[in-house]
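**Student:** So here's work25.cif (mmCIF, C-alpha atoms).
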data_start
loop_
_atom_site.label_atom_id
_atom_site.label_comp_id
_atom_site.auth_asym_id
_atom_site.auth_seq_id
_atom_site.Cartn_x
_atom_site.Cartn_y
_atom_site.Cartn_z
CA MET A 1 -76.99 94.95 193.58
CA THR A 2 -73.69 93.20 192.79
CA THR A 3 -73.72 89.84 194.60
CA ASP A 4 -70.45 88.53 193.12
CA THR A 5 -67.73 89.56 195.59
CA PRO A 6 -64.76 89.77 193.10
CA ALA A 7 -66.86 91.84 190.67
CA ARG A 8 -68.00 94.10 193.51
CA LEU A 9 -64.41 94.59 194.70
CA LEU A 10 -63.34 95.62 191.20
CA GLN A 11 -66.25 98.07 191.00
CA LEU A 12 -65.36 99.48 194.42
CA LEU A 13 -61.71 99.81 193.43
CA SER A 14 -62.66 101.61 190.23
CA LEU A 15 -64.68 104.14 192.25
CA LEU A 16 -61.88 104.67 194.79
CA GLN A 17 -59.33 105.37 192.04
CA THR A 18 -61.23 108.56 191.26
CA PRO A 19 -59.27 111.25 193.21
CA ARG A 20 -61.91 112.18 195.78
CA GLU A 21 -63.22 111.04 199.15
CA TRP A 22 -66.23 108.73 198.99
CA PRO A 23 -68.74 108.75 201.88
CA GLY A 24 -69.57 105.23 203.03
CA GLY A 25 -73.26 105.77 202.36
CA GLU A 26 -72.61 106.84 198.76
CA LEU A 27 -70.41 103.80 198.12
CA ALA A 28 -73.08 101.54 199.59
CA GLY A 29 -75.67 103.12 197.30
CA ARG A 30 -73.48 102.79 194.21
CA LEU A 31 -72.77 99.12 194.93
CA GLY A 32 -76.25 98.24 196.17
CA VAL A 33 -74.98 96.80 199.45
CA SER A 34 -74.97 97.74 203.13
CA ARG A 35 -72.40 99.99 204.76
CA ARG A 36 -71.19 96.96 206.72
CA THR A 37 -70.46 95.16 203.44
CA VAL A 38 -68.57 98.22 202.20
CA ARG A 39 -66.42 98.14 205.36
CA ARG A 40 -65.66 94.44 204.83
CA ASP A 41 -64.78 95.06 201.17
CA ILE A 42 -62.48 97.92 202.18
CA ASP A 43 -60.67 95.53 204.53
CA ARG A 44 -60.30 93.00 201.69
CA LEU A 45 -58.73 95.67 199.45
CA ARG A 46 -56.28 96.58 202.21
CA GLU A 47 -55.29 92.92 202.54
CA LEU A 48 -54.55 92.94 198.80
CA GLY A 49 -52.18 95.88 199.23
CA TYR A 50 -54.41 98.82 198.32
CA PRO A 51 -53.81 101.70 200.77
CA VAL A 52 -57.38 102.82 201.52
CA GLN A 53 -57.60 105.62 204.07
CA ALA A 54 -60.74 106.01 206.18
CA THR A 55 -61.92 109.24 207.83
CA LYS A 56 -64.16 109.44 210.84
CA GLY A 57 -67.41 111.33 210.85
CA ALA A 58 -71.15 111.03 210.62
CA ASP A 59 -70.97 109.27 207.27
CA GLY A 60 -67.36 108.08 207.27
CA GLY A 61 -65.32 108.58 204.11
CA TYR A 62 -62.82 106.50 202.14
CA ARG A 63 -59.98 107.56 199.86
CA LEU A 64 -57.27 105.64 197.98
CA VAL A 65 -53.86 107.15 198.85
CA ALA A 66 -50.31 106.65 197.61
CA GLY A 67 -48.61 103.58 199.04
CA LYS A 68 -45.15 102.05 199.10
CA ALA A 69 -45.93 99.74 196.18
CA MET A 70 -48.00 100.03 193.03
CA PRO A 71 -50.95 97.60 193.15
CA PRO A 72 -52.86 96.78 189.94
CA LEU A 73 -54.98 99.57 188.47
CA VAL A 74 -58.54 99.21 187.28
CA LEU A 75 -59.22 101.33 184.18
CA ASP A 76 -62.47 101.95 182.40
CA ASP A 77 -62.63 101.80 178.58
CA GLU A 78 -61.98 105.50 178.00
CA GLU A 79 -59.04 105.60 180.43
CA ALA A 80 -57.41 102.52 178.89
CA VAL A 81 -57.75 103.90 175.35
CA ALA A 82 -56.38 107.31 176.38
CA ILE A 83 -53.31 105.79 178.06
CA ALA A 84 -52.60 103.39 175.19
CA VAL A 85 -52.87 106.17 172.56
CA GLY A 86 -50.58 108.45 174.57
CA LEU A 87 -47.94 105.77 175.08
CA ARG A 88 -48.12 104.74 171.41
CA ALA A 89 -47.62 108.33 170.23
CA GLY A 90 -44.63 108.90 172.50
CA ALA A 91 -43.01 105.54 171.87
CA GLY A 92 -43.37 105.62 168.10
CA HIS A 93 -41.45 108.88 167.78
CA ALA A 94 -38.79 108.40 170.47
CA VAL A 95 -40.02 111.46 172.32
CA GLU A 96 -37.45 112.66 174.83
CA GLY A 97 -38.39 111.39 178.28
CA VAL A 98 -40.33 108.39 176.96
CA ASP A 99 -38.00 105.53 177.82
CA GLU A 100 -38.07 101.73 177.92
CA ALA A 101 -40.29 101.72 181.03
CA SER A 102 -43.02 103.47 179.04
CA VAL A 103 -42.73 100.93 176.25
CA ARG A 104 -42.94 98.05 178.76
CA ALA A 105 -46.09 99.63 180.18
CA LEU A 106 -47.55 99.85 176.67
CA ALA A 107 -46.70 96.19 176.04
CA LYS A 108 -48.46 95.12 179.24
CA LEU A 109 -51.51 97.28 178.56
CA GLU A 110 -51.99 96.14 174.95
CA GLN A 111 -51.57 92.51 176.00
CA VAL A 112 -54.72 92.70 178.12
CA LEU A 113 -56.80 95.14 176.05
CA PRO A 114 -59.98 93.55 174.65
CA SER A 115 -60.07 93.41 170.86
CA ARG A 116 -62.77 96.10 170.71
CA LEU A 117 -60.49 98.53 172.60
CA ARG A 118 -57.42 97.62 170.54
CA HIS A 119 -59.46 98.51 167.46
CA ARG A 120 -60.43 101.88 168.99
CA VAL A 121 -56.78 102.63 169.83
CA SER A 122 -55.61 101.78 166.30
CA THR A 123 -58.41 103.78 164.69
CA LEU A 124 -57.74 106.85 166.83
CA GLN A 125 -53.99 106.73 166.22
CA ALA A 126 -54.49 106.33 162.46
CA ALA A 127 -56.71 109.42 162.43
CA THR A 128 -54.22 111.67 164.25
CA THR A 129 -50.81 113.05 163.39
CA PRO A 130 -48.48 113.99 166.28
CA LEU A 131 -46.24 117.03 165.88
CA THR A 132 -42.78 115.80 166.77
CA SER A 133 -39.22 116.96 166.34
CA GLY A 134 -36.39 114.96 164.81
CA ASP A 135 -35.61 113.50 161.42
CA GLY A 136 -38.93 111.73 160.93
CA ALA A 137 -37.59 108.24 161.76
CA THR A 138 -40.69 106.64 163.28
CA VAL A 139 -41.22 103.20 164.79
CA THR A 140 -44.44 101.21 164.90
CA PRO A 141 -45.67 100.64 168.46
CA GLU A 142 -46.05 96.94 167.63
CA THR A 143 -42.32 96.69 166.90
CA LEU A 144 -41.44 98.36 170.17
CA THR A 145 -43.81 96.30 172.28
CA VAL A 146 -42.54 93.01 170.82
CA MET A 147 -38.95 94.05 171.52
CA ALA A 148 -39.71 95.38 175.00
CA SER A 149 -41.50 92.15 175.90
CA ALA A 150 -38.50 90.14 174.71
CA VAL A 151 -36.17 92.30 176.83
CA ALA A 152 -38.37 91.93 179.91
CA GLY A 153 -38.91 88.19 179.37
CA ARG A 154 -35.23 87.52 178.48
CA GLU A 155 -36.27 85.77 175.27
CA HIS A 156 -34.24 85.36 172.09
CA LEU A 157 -35.34 87.82 169.40
CA ARG A 158 -35.28 87.40 165.61
CA PHE A 159 -35.87 90.19 163.08
CA ALA A 160 -35.04 91.49 159.63
CA TYR A 161 -32.61 94.41 159.59
CA ARG A 162 -31.53 96.96 156.98
CA SER A 163 -28.18 98.65 157.71
CA GLY A 164 -27.29 102.24 156.87
CA ASP A 165 -25.83 101.22 153.48
CA GLY A 166 -29.02 99.36 152.54
CA THR A 167 -27.77 95.82 153.22
CA ASP A 168 -30.53 93.44 154.35
CA SER A 169 -29.90 90.70 156.89
CA ARG A 170 -31.64 88.43 159.39
CA ARG A 171 -30.60 88.80 163.02
CA HIS A 172 -30.82 86.45 166.00
CA CYS A 173 -29.94 88.08 169.30
CA GLU A 174 -30.29 88.32 173.05
CA PRO A 175 -32.00 91.71 173.58
CA TYR A 176 -30.57 93.64 176.51
CA ARG A 177 -32.12 97.12 176.53
CA LEU A 178 -34.10 99.60 174.43
CA VAL A 179 -32.59 103.09 174.56
CA SER A 180 -34.11 106.35 173.35
CA THR A 181 -31.78 109.19 172.40
CA GLY A 182 -34.65 111.67 172.11
CA ARG A 183 -34.72 111.31 168.31
CA ARG A 184 -34.44 107.57 167.73
CA TRP A 185 -34.87 104.22 169.44
CA TYR A 186 -31.95 101.78 169.58
CA LEU A 187 -31.73 98.16 170.70
CA VAL A 188 -28.60 97.07 172.55
CA ALA A 189 -28.28 93.30 172.10
CA TYR A 190 -25.85 90.40 171.91
CA ASP A 191 -25.81 89.14 168.30
CA LEU A 192 -25.66 85.35 168.51
CA ASP A 193 -24.59 84.82 164.87
CA ARG A 194 -21.71 87.29 165.18
CA ALA A 195 -20.85 86.43 168.79
CA ASP A 196 -20.57 90.08 169.76
CA TRP A 197 -22.53 93.01 171.15
CA ARG A 198 -24.37 95.21 168.64
CA THR A 199 -26.66 98.24 168.52
CA PHE A 200 -29.60 98.36 166.10
CA ARG A 201 -31.68 101.34 165.01
CA VAL A 202 -35.23 100.20 165.71
CA ASP A 203 -36.69 102.13 162.75
CA ARG A 204 -34.63 99.78 160.52
CA VAL A 205 -36.07 96.64 162.15
CA GLU A 206 -38.85 94.64 160.50
CA GLU A 207 -40.80 91.52 161.48
CA PRO A 208 -39.46 91.14 165.04
CA PHE A 209 -40.64 88.13 167.01
CA ALA A 210 -39.64 86.54 170.30
CA THR A 211 -38.72 82.87 169.85
CA GLY A 212 -39.71 81.80 173.37
CA ALA A 213 -36.18 80.52 174.08
CA ARG A 214 -34.91 82.04 177.34
CA PHE A 215 -31.38 83.25 178.06
CA THR A 216 -29.29 84.42 181.00
CA PRO A 217 -28.19 88.04 180.38
CA ARG A 218 -24.51 88.51 179.66
CA GLU A 219 -22.44 91.26 181.22
CA LEU A 220 -22.16 94.39 179.07
CA PRO A 221 -18.63 95.57 178.16
CA THR A 222 -19.61 98.95 179.63
CA GLY A 223 -21.47 99.87 182.77
CA SER A 224 -24.81 100.59 181.10
CA ALA A 225 -26.69 100.25 177.83
CA GLU A 226 -26.67 104.05 177.44
CA GLU A 227 -22.88 104.17 177.73
CA TYR A 228 -22.46 101.27 175.30
CA LEU A 229 -24.71 102.99 172.76
CA LYS A 230 -22.78 106.22 173.10
CA GLN A 231 -19.45 104.49 172.53
CA SER A 232 -20.86 102.50 169.61
CA MET A 233 -22.16 105.64 167.91
CA TYR A 234 -18.86 107.43 168.39
CA ARG A 235 -16.93 104.52 166.87
CA ARG A 236 -19.02 104.75 163.70
CA GLN A 237 -18.69 108.45 163.07
CA GLU A 238 -16.31 111.35 163.47
CA THR A 239 -16.72 113.02 166.84
CA TYR A 240 -15.58 116.29 168.31
CA GLU A 241 -15.32 117.85 171.75
CA PHE A 242 -17.52 120.82 172.56
CA ASP A 243 -17.29 123.26 175.45
CA VAL A 244 -20.17 125.57 176.41
CA THR A 245 -20.87 127.89 179.34
CA PHE A 246 -24.51 128.55 180.26
CA ALA A 247 -25.85 131.52 182.22
CA ALA A 248 -28.05 129.24 184.32
CA PRO A 249 -27.68 126.72 187.17
CA ALA A 250 -26.48 123.22 186.33
CA GLU A 251 -29.82 121.69 187.39
CA PHE A 252 -31.70 123.95 184.95
CA ILE A 253 -29.47 122.93 182.02
CA ALA A 254 -29.42 119.21 182.88
CA ALA A 255 -33.23 119.13 182.82
CA ARG A 256 -33.33 120.66 179.31
CA LEU A 257 -30.69 118.59 177.51
CA PRO A 258 -30.65 114.86 176.65
CA ARG A 259 -28.84 112.72 179.21
CA TRP A 260 -26.28 111.60 176.64
CA PHE A 261 -25.03 115.20 176.39
CA GLY A 262 -23.35 114.66 179.73
CA THR A 263 -23.59 116.40 183.10
CA PRO A 264 -23.08 120.18 183.37
CA GLU A 265 -20.58 121.22 186.04
CA PRO A 266 -21.52 124.18 188.28
CA VAL A 267 -19.27 127.24 188.03
CA ASP A 268 -21.31 129.10 190.63
CA GLU A 269 -24.97 129.10 191.62
CA HIS A 270 -25.94 131.03 188.48
CA THR A 271 -23.54 129.55 185.88
CA CYS A 272 -22.46 126.11 184.68
CA ARG A 273 -20.16 124.62 182.04
CA LEU A 274 -20.62 121.57 179.83
CA ARG A 275 -17.67 119.75 178.25
CA ALA A 276 -18.66 116.68 176.23
CA SER A 277 -18.26 114.78 172.97
CA ALA A 278 -20.70 114.84 170.08
CA GLY A 279 -21.10 112.99 166.82
CA ASP A 280 -23.96 115.10 165.50
CA ALA A 281 -23.62 117.81 162.88
CA VAL A 282 -22.63 121.18 164.36
CA GLU A 283 -25.76 122.67 162.77
CA TRP A 284 -28.02 120.39 164.81
CA LEU A 285 -25.99 120.92 168.00
CA ALA A 286 -26.16 124.71 167.62
CA VAL A 287 -29.94 124.64 167.31
CA ARG A 288 -30.25 122.23 170.24
CA LEU A 289 -28.21 124.54 172.45
CA ALA A 290 -30.18 127.58 171.33
CA VAL A 291 -33.51 126.15 172.50
CA VAL A 292 -32.30 125.61 176.07
CA ASP A 293 -33.78 129.06 176.82
CA CYS A 294 -30.86 130.87 178.43
CA ASP A 295 -27.75 132.76 177.35
CA PHE A 296 -24.73 130.63 176.55
CA THR A 297 -21.17 130.96 175.23
CA VAL A 298 -19.53 128.39 172.95
CA HIS A 299 -15.78 127.99 173.52
CA GLU A 300 -14.98 124.97 171.35
CA PRO A 301 -14.80 123.69 168.64
CA PRO A 302 -14.16 126.55 166.17
CA GLU A 303 -16.68 125.08 163.70
CA LEU A 304 -19.44 125.28 166.30
CA VAL A 305 -18.43 128.79 167.33
CA GLN A 306 -18.56 129.92 163.71
CA TYR A 307 -21.93 128.31 163.01
CA VAL A 308 -23.52 129.78 166.16
CA ARG A 309 -22.26 133.21 165.05
CA GLU A 310 -23.70 132.74 161.55
CA LEU A 311 -26.99 131.41 162.94
CA GLY A 312 -27.31 134.40 165.26
CA THR A 313 -26.72 136.81 162.37
CA ARG A 314 -29.26 135.00 160.21
CA LEU A 315 -31.90 135.05 162.95
CA THR A 316 -31.26 138.73 163.63
CA ARG A 317 -31.79 139.54 159.93
CA ALA A 318 -34.98 137.50 159.95
CA ALA A 319 -36.34 139.42 162.94
CA GLY A 320 -35.35 142.72 161.36
CA ALA A 321 -37.13 141.85 158.10
CA ALA A 322 -40.35 141.25 160.02
CA ASP A 323 -40.22 144.85 161.33
CA ARG A 324 -40.01 146.40 157.88
#
Using structure tokens, write down the structure from this file.

**Tutor:**
Amino acid sequence: MTTDTPARLLQLLSLLQTPREWPGGELAGRLGVSRRTVRRDIDRLRELGYPVQATKGADGGYRLVAGKAMPPLVLDDEEAVAIAVGLRAGAGHAVEGVDEASVRALAKLEQVLPSRLRHRVSTLQAATTPLTSGDGATVTPETLTVMASAVAGREHLRFAYRSGDGTDSRRHCEPYRLVSTGRRWYLVAYDLDRADWRTFRVDRVEEPFATGARFTPRELPTGSAEEYLKQSMYRRQETYEFDVTFAAPAEFIAARLPRWFGTPEPVDEHTCRLRASAGDAVEWLAVRLAVVDCDFTVHEPPELVQYVRELGTRLTRAAGAADR
């Protein structure tokens, strides 16, 4: 029997977070208390914001349902390790769809993990190799969580940085946002030493630490961190306009391309067109378009049209060789 009320509430909450309905008698047996005590504990959880639904009947059942807000979760050891490993794997490789919110969640989770569980997470991650796409530019989860915590806490951040030409420097900045392009992580920040906004590739960052000094966020020159990153990348490299028609609805295409590609415009309910700018090599863009899983037609630029034609011929020869 659990006589400590807070401990019993946590145990009850852990049981209710299993997606099933719990009869009152079974909960009472698990907790070693009376059904009346279970009813009082259920009322306490409701007062704390947990939406517990009760059903009438001979035994009366309880179920935790979705609410308007997200109250704290109670995780057992295996659940906590599984979530931490999953978030680490996604964050470290800038997997498309794993954004700053996921990294903030990882930072919060690892902050409260007991040392024995942190060791299990590190051991499991070291023993596994995720299969990811991209150019192999990986980021340690520790780097991301330090930076995400500094962003969330509005704390000054210091780190060592190596630029694309190999120049080493020390940076002191006000971190604004972490942005994932689907292949890499970038930090959008105000560089205090240079008195200007900058973007930093996170895989080139070393030894980041939050100083504890707070700041009031400045207003970005653009409407969002994503837009600022896009403009910054385009300023540093030659860009070109591309124009593609897809034989699929705009919603289908938008869900299968990175957000920074832009928004496809519907032509009709079965066709859409995408006109946007790119700074990536045409070879990479051609392959990225090809894996959208629908027919498409490239209109511009001529270099992309030519490469798609050559790629199609090469793939056709490869398929034909397999038949011989």

**Student:** To verify the selection step, state as a list of chain:residue names which residues the PyMOL selection byres ((chain A and resi 23) around 12) yields on this input.

**Tutor:** A:Leu15, A:Leu16, A:Arg20, A:Glu21, A:Trp22, A:Gly24, A:Gly25, A:Glu26, A:Leu27, A:Ala28, A:Gly29, A:Arg30, A:Arg35, A:Val38, A:Arg39, A:Gln53, A:Ala54, A:Thr55, A:Lys56, A:Gly57, A:Ala58, A:Asp59, A:Gly60, A:Gly61, A:Tyr62, A:Arg63

**Student:** Could you check which residues have any atom within 12 Å of (-28.2, 90.8, 162.1), counting only C-alpha atoms with coordinates taken straight from the file, and then list them as a ChimeraX atom specification?

**Tutor:** /A:157-163,167-174,187,189-201,204-206,208

**Student:** Work out how far CA of Leu31 (chain A) is from CA of Asp77 (chain A), in Å to one decimal.

**Tutor:**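 Computing the Euclidean distance for CA of Asp77 (chain A) and CA of Leu31 (chain A) yields 19.4 Å.
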
**Student:** Just how far from CA of Leu257 (chain A) is CA of Glu269 (chain A), in Å to one decimal?

**Tutor:**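 If I compute the distance from CA of Glu269 (chain A) to CA of Leu257 (chain A), I get 18.5 Å.
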
**Student:** Counting all atoms listed in the file, which of A:Arg116, A:Arg184, A:Arg273, A:His156 gets nearest to Phe215 (chain A)?

**Tutor:**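 Answer, going by the shortest atom-to-atom distance: A:His156.
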
**Student:** CA of Gly49 (chain A) and CA of Arg104 (chain A), how far apart in Å?

**Tutor:** 22.6 Å

**Student:** Go through A:Ala80, A:Val287, A:Ala247, A:Leu315 one by one, measure the shortest atom-to-atom distance of each to Gln111 (chain A) using all atoms listed in the file, and give the residue with the smallest value.

**Tutor:**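 The shortest atom-to-atom distance to Gln111 (chain A) comes from A:Ala80.
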
**Student:** Name every residue that the PyMOL selection byres ((chain A and resi 148) around 12) selects in this structure, writing the answer as an MDAnalysis selection string with chains first and numbers rising.

**Tutor:** chainID A and resid 91 99:108 141:147 149:157 174:179 185:189 202 208:210

**Student:** Please dump the current selection as an mmCIF file, keeping the file's coordinate frame; keep C-alpha atoms.

**Tutor:**
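New file out18.cif:
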data_model
loop_
_atom_site.group_PDB
_atom_site.id
_atom_site.type_symbol
_atom_site.label_atom_id
_atom_site.label_comp_id
_atom_site.auth_asym_id
_atom_site.auth_seq_id
_atom_site.Cartn_x
_atom_site.Cartn_y
_atom_site.Cartn_z
ATOM 1 C CA ALA A 91 -43.010 105.540 171.870
ATOM 2 C CA ASP A 99 -38.000 105.530 177.820
ATOM 3 C CA GLU A 100 -38.070 101.730 177.920
ATOM 4 C CA ALA A 101 -40.290 101.720 181.030
ATOM 5 C CA SER A 102 -43.020 103.470 179.040
ATOM 6 C CA VAL A 103 -42.730 100.930 176.250
ATOM 7 C CA ARG A 104 -42.940 98.050 178.760
ATOM 8 C CA ALA A 105 -46.090 99.630 180.180
ATOM 9 C CA LEU A 106 -47.550 99.850 176.670
ATOM 10 C CA ALA A 107 -46.700 96.190 176.040
ATOM 11 C CA LYS A 108 -48.460 95.120 179.240
ATOM 12 C CA PRO A 141 -45.670 100.640 168.460
ATOM 13 C CA GLU A 142 -46.050 96.940 167.630
ATOM 14 C CA THR A 143 -42.320 96.690 166.900
ATOM 15 C CA LEU A 144 -41.440 98.360 170.170
ATOM 16 C CA THR A 145 -43.810 96.300 172.280
ATOM 17 C CA VAL A 146 -42.540 93.010 170.820
ATOM 18 C CA MET A 147 -38.950 94.050 171.520
ATOM 19 C CA SER A 149 -41.500 92.150 175.900
ATOM 20 C CA ALA A 150 -38.500 90.140 174.710
ATOM 21 C CA VAL A 151 -36.170 92.300 176.830
ATOM 22 C CA ALA A 152 -38.370 91.930 179.910
ATOM 23 C CA GLY A 153 -38.910 88.190 179.370
ATOM 24 C CA ARG A 154 -35.230 87.520 178.480
ATOM 25 C CA GLU A 155 -36.270 85.770 175.270
ATOM 26 C CA HIS A 156 -34.240 85.360 172.090
ATOM 27 C CA LEU A 157 -35.340 87.820 169.400
ATOM 28 C CA GLU A 174 -30.290 88.320 173.050
ATOM 29 C CA PRO A 175 -32.000 91.710 173.580
ATOM 30 C CA TYR A 176 -30.570 93.640 176.510
ATOM 31 C CA ARG A 177 -32.120 97.120 176.530
ATOM 32 C CA LEU A 178 -34.100 99.600 174.430
ATOM 33 C CA VAL A 179 -32.590 103.090 174.560
ATOM 34 C CA TRP A 185 -34.870 104.220 169.440
ATOM 35 C CA TYR A 186 -31.950 101.780 169.580
ATOM 36 C CA LEU A 187 -31.730 98.160 170.700
ATOM 37 C CA VAL A 188 -28.600 97.070 172.550
ATOM 38 C CA ALA A 189 -28.280 93.300 172.100
ATOM 39 C CA VAL A 202 -35.230 100.200 165.710
ATOM 40 C CA PRO A 208 -39.460 91.140 165.040
ATOM 41 C CA PHE A 209 -40.640 88.130 167.010
ATOM 42 C CA ALA A 210 -39.640 86.540 170.300
#

**Student:** Compile the contact shell of Asp268 (chain A) as a PyMOL selection string: residues with an atom at most 9 Å away, counting only C-alpha atoms, same-chain residues fewer than 2 positions apart removed.

**Tutor:** chain A and resi 249-250+266+270-272
